[in-house]
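Participant: I have a structure I would like to understand better, so I am pasting it below and will then ask my questions one at a time.
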Amino acid sequence: MKQKRIMLGTVEDAKDFVAAATKCEFDIDVFYNRVVIDAKSLLGVMSLDLTRVLTVEYSGENKEFEAFLDRTAAKAVTAA
């Protein structure tokens, strides 16, 4: 399992995240405290506190998705 910490600062970031996750053929979960959300669920992702750093856990490989995670991870570092 791979884990990345990201921050989805806007609703557009959340929509882009779900769109990128939907293209993957493997399961992707988003964690915040004790809450676990399916990353392919827009409603689930939107229910999270988007002002907090989120943990994404996945087991497959998709270069486009991982590039998106890298872009949002950089925001998490500068925002903290």
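By convention in this document, the chains of the structure tokens carry letters A, B, ... by their order, each chain's residues are numbered from 1, and ligands are numbered from 1 in the order they are shown.
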Skipping near chain neighbours, those fewer than 3 positions away, what residues fall within 10 Å of range 2-6 of chain A using only C-alpha atoms, listed as a ChimeraX atom specification?
Facilitator: /A:9,28-31,52-61,66,68-77
Participant: Which residues in chain A does DSSP call helix (DSSP H, G or I)? List them as a ChimeraX atom specification.
Facilitator: /A:11-22,42-46,63-79
Participant: So that I can see what lies close to Leu43 in chain A, please list as a compact mmCIF listing (two decimals) with N, CA and C atoms, in the first residue's frame the residues with an atom at most 12 Å from it, counting only C-alpha atoms and leaving out residues fewer than 6 positions away in the same chain.
Facilitator:
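Once everything was written out, this is around28.txt:
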# COMPACT_ATOMS: atom_id res chain seq x y z
N VAL A 11 -13.07 23.36 -4.01
CA VAL A 11 -14.03 22.39 -4.55
C VAL A 11 -13.54 21.87 -5.89
N ALA A 14 -11.09 19.13 -5.35
CA ALA A 14 -11.79 17.91 -4.95
C ALA A 14 -12.41 17.22 -6.16
N LYS A 15 -13.02 17.99 -7.06
CA LYS A 15 -13.59 17.42 -8.28
C LYS A 15 -12.51 16.79 -9.15
N VAL A 18 -11.34 13.45 -7.58
CA VAL A 18 -12.28 12.35 -7.82
C VAL A 18 -12.22 11.91 -9.28
N ILE A 37 -13.05 7.31 3.43
CA ILE A 37 -13.94 7.61 2.32
C ILE A 37 -13.39 6.99 1.04
Participant: Between A:Leu50, A:Ser41, A:Phe26, A:Val36, which is the closest to Thr10 in chain A once you count only C-alpha atoms?
Facilitator: A:Leu50
Participant: So the first atom is CA of Lys23 in chain A and the second is CA of Leu42 in chain A; what is the distance between them in Å, to one decimal place?
Facilitator: 13.4 Å
Participant: Could you write out, as a PyMOL selection string, all the residues of chain A that DSSP marks as strand (DSSP E or B)?
Facilitator: chain A and resi 2-6+28-32+35-38+54-58
Participant: So the first atom is CA of Ala67 in chain A and the second is CA of Met46 in chain A; what is the distance between them in Å, to one decimal place?
Facilitator: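 These two atoms are separated by 21.1 Å.
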